[in-house]
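Structure first, then comments.
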Amino acid sequence: MTLNARCVCPTIDAVLLTISTTHQPATDLGFLLHKNPGRLQSFTLPFGRADVFYPEAESDRCTVALLLDIDPVGLVRHKSGAPSSGGWLEQYVNDRPYVASSHLSVAIASVFGSALAGASKERPELAESAIPLEARIAAVPSREGADLIRSLFEPLGYTVETHGHPLDTRFPEWGASPYFSVHLTSESRLRDLLAHLYVLLPVLDDNKHYWVGDDEVEKLMRFGEGWLGNHPQRDLISFRYLKHQRGLVRQALDQLFEAGQADPGVTAARQEQEEERLETPLRLGEQRIQAVLATLRMLGATKVLDLGCGEGRLIGELLGEPAIRSITGLDVSHRALETARLRLHLDTLPAQQRDHITLLHGSLTYRDKRLSGFDAAVAMEVIEHIDAPRLDAFEEVVFGSAKPGAVLITTPNAEYNTLFGGLPAGAFRHRDHRFEWTRGQFQAWARQAADRRKYDIAIPELCLVALIGPTGSGKSSFAASHFMPTEVVSSDICRAMVADDATDQAATPDAFALLNFIAATRLRAGRLTVIDATSVQPQARKSLVALAREHDCLPNVPDRQFGSQVVRRQADQLRRSLRGLKREGFRHVFVLDSPEEVEAATIERVPLWVNLQHEHGPFDIIGDVHGCYDELVILLERLGYRLETSAGADGETGFSASHPEGRKAVFVGDLVDRGPGVAEVLKLVMGMVSGGVALCVAGNHESKLVRKLRGRNVQVSHGLAESLAQLELESPTFRQRVAQFLDGLISHYCA
């Protein structure tokens with residue numbers, strides 16, 4: 001028996017999902033799915049309708065089709081209290097009705113729930129048997145390309161075929177879209193295929209349509225049982241499936257480890273990065289961006305140059321950084337710059353935000369006066385696209401000509417290529433890569449460039465510096481070369497002061513009591529302090545970290561060097577604990593491995609990013625707004641601020657402000673909760689901070705809200721519940737911007 005799909009759905013050209021088998025009799029597929037091949041069945045879902053029918057049902061081949069009719073208006077019709085402007089365009093005009101997403105996963109669980117659970121009353125043995133299966137998905141979103149699709153399904157035993165689609169067939173010059181038709185073939189249980197689709201389709205889409213909580217961890221464990229723990233993309237799958245909520249991801253990974261699902265070989269290979277992975281379980285591209293943003297904050301950079309900016313992804317993230325006032329992107333591709341212009345919505349951004357961004361066409365290997373005068377330059381995933389012989393020219397342009405205050409460079413780590421299952425041995429991750437370095441090779445090149453161009457160790461202007469190294473390793477000489485004598489507190493000198501003998505080990509307890517007293521006194525007075533002691537044992541360093549934290553300073557480790565005269569026992573102790581220095585609490589660790597590196601090192605003191613001594617006001621201090629948008633507008637206007645609104649990114653309302661007398665608002669926390677205009681207050685304050693017309697510090701309400709947005713378990717009080725309900729009416733993009741903005745707020749500024 002064969003059914004004609006056109007007779008059933010005459011207006012539909014393609015279905016979202018089809019599953020076929022050649023197991024004989026193939027019509028047993030109907031028993032496994034609990035769906036009669038002889039008739040059309042329809043199911044009402046919260047977001048539309050699902051139709052199940054069989055385009056073909058013969059004994060040698062049977063195909064079931066699951067067709068979703070998603071109503072984009074219905075997706076938001078049930079929501080009340082919508083804002084009067086902004087936020088709706090993305091909800092009404094989007095790709096949800098056409099692509100495989102979390103909506104399809106919900107449909108699979110609702111329509112094929114028994115098959116997903118492996119239950120079949122009529123064919124129980126067949127439900128537990130591997131049979132030949134094919135799955136075709138008409139449109140799968142994958143912004144990372146077909147490689148990600150293959151890296152998710154191929155480790156599970158599937159043969160994967162993908163077909164990319166152009167953005168618009170009428171305009172081929174627009175390039176490729178992020179959508180692919182996918183064909184999967186394997187011999188497996190039907191329940192396994194459905195479970196893989198249920199989990200991995202939302203991972204590829206990375207845009208779940210519903211709120212994620214603890215129950216999603218249970219679903220991930222249930223449908224990932226037996227395969228997720230050993231999957232090479234385990235971390236990415238967990239992070240995206242759980243909607244980027246780090247607390248839930250950590251919970252899921254812990255359960256995988258406890259269940260013994262993690263492959264020992266994979267675990268050993270990642271052990272060195274385990275803490276970092278748990279703290280920031282992001283995909284690689286996001287890890288790089290977060291590392292760059294954290295470093296720029298530490299440097300206190302306000303003018304940033306993005307070298308090889310491409311389509312503007314980093315620039316978009318930099319827009320959310322309150323401290324950054326000027327962003328310049330450089331790229332050799334006109335097309336990439338135009339895409340960046342569209343992606344960043346430069347034509348519709350508020351004027352003050354738009355004026356902060358400059359896009360330049362140019363080359364990274366030719367000197368350009370426009371690249372001078374920046375606090376920091378970022379070359380993220382760029383240098384590997386430059387021919388190795390031209391790296392000298394790149395170094396001259398960046399370090400020799402542009403001379404930014406700091407240079408941040410990221411490049412793929414070749415040592416991790418073995419973790420990509422679809423990447424042949426010896427192959428590069430990208431066809432345009434000219435090389436891919438190991439960490440050692442990258443470190444050697446970076447150190448040589450820093451040595452030639454005098455870019456080296458940057459430390460905050462107020463911090464506790466611990467010179468760690470065995471006896472005779474050159475700590476005292478290093479301290480004398482780079483710090484004032486009054487800044488250095490030496491354990492030997494303290495020992496001599498209390499015992500008249502710098503080598504009297506019996507005086508060590510009294511000497512360190514004196515050392516800690518002097519260091520605490522200096523830090524309390526806001527003075528940089530350098531500790532010259534061996535400190536090769538964790539217990540010896542513990543008191544230094546506690547001392548720094550007590551005085552709100554950053555502990556830093558800038559020195560380790562072995563000479564021929566070192567004490568072997570101390571060297572061994574330090575070598576064993578070197579990897580754990582950051583876990584002990586040291587914020588920055590600089591390792592100097594040779595006398596040559598010690599000699600070549602230079603120290604740069606970087607202003608703290610809370611240091612606003614250059615700001616002179618006058619200021620308007622505003623607190624306890626608590627979502628009262630109308631009252632805030634009235635207050636700002638009475639204070640003389642001129643407020644403007646415009647259509648911003650993603651169809652949302654953008655806010656900007658100015659004051660004719662140059663006054664600046666200082667929001668001292670508690671912007672959210674209780675009031676009816678939380679989203680509008682956040683949009684206004686974020687716009688003012690981005691435009692340089694306001695400063696903002698975090699209050700306890702913001703801290704609690706951002707923890708909830710990041711997936712932490714917090715008690716949802718009445719006020720927080722109102723904020724969450726109002727933000728749920730906004731776009732996912734805006735909620736992400738809010739989380740990023742609140743995450744970037746600090747507790748205080750120093751003026």
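Just so we're on the same page: first chain in the structure tokens is A, next is B, and so on; residues restart at 1 for each chain, and ligands are numbered from 1 in the order they show up.
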| Leaving out Leu33 of chain A and any residue of its chain fewer than 2 positions from it, which residues lie within 7 Å of it when counting only C-alpha atoms, given as a PyMOL selection string? | chain A and resi 29-31+35+112+115
Selected residues written out with N, CA and C atoms, as a PDB file, in the first residue's frame:
ATOM      1  N   LEU A  29       6.952  -0.748  11.274  1.00  0.00           N
ATOM      2  CA  LEU A  29       7.258   0.582  11.791  1.00  0.00           C
ATOM      3  C   LEU A  29       6.026   1.196  12.449  1.00  0.00           C
ATOM      4  N   GLY A  30       4.855   0.918  11.901  1.00  0.00           N
ATOM      5  CA  GLY A  30       3.617   1.423  12.478  1.00  0.00           C
ATOM      6  C   GLY A  30       3.376   0.892  13.878  1.00  0.00           C
ATOM      7  N   PHE A  31       3.726  -0.400  14.119  1.00  0.00           N
ATOM      8  CA  PHE A  31       3.575  -0.959  15.464  1.00  0.00           C
ATOM      9  C   PHE A  31       4.556  -0.312  16.443  1.00  0.00           C
ATOM     10  N   LYS A  35       1.313   4.113  15.382  1.00  0.00           N
ATOM     11  CA  LYS A  35       0.614   4.980  14.426  1.00  0.00           C
ATOM     12  C   LYS A  35       0.250   4.138  13.212  1.00  0.00           C
ATOM     13  N   PHE A 112       5.349  10.612  19.469  1.00  0.00           N
ATOM     14  CA  PHE A 112       6.018   9.314  19.445  1.00  0.00           C
ATOM     15  C   PHE A 112       6.517   8.936  20.840  1.00  0.00           C
ATOM     16  N   ALA A 115       7.208   5.169  21.532  1.00  0.00           N
ATOM     17  CA  ALA A 115       8.387   4.697  20.805  1.00  0.00           C
ATOM     18  C   ALA A 115       9.665   5.258  21.416  1.00  0.00           C
TER      19      ALA A 115
END
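Ranking A:Ser110, A:Ser490, A:Gln613, A:Ser401 by their shortest atom-to-atom distance to Phe512 of chain A, with only C-alpha atoms included, puts A:Ser490 first.
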| request: Name the residues in contact with Val706 of chain A at a cut-off of 8 Å, using only C-alpha atoms, excluding same-chain residues fewer than 5 positions from it; report them as a list in words. | output: Ala739, Leu742 and Asp743 of chain A
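Running DSSP on the backbone and keeping only helix (DSSP H, G or I), the residues of segment 609-638 of chain A that qualify are Tyr629, Asp630, Glu631, Leu632, Val633, Ile634, Leu635, Leu636, Glu637 and Arg638 of chain A.
Here atom CA of Asp60 of chain A stands at a distance of 16.5 Å from atom CA of Ala130 of chain A.
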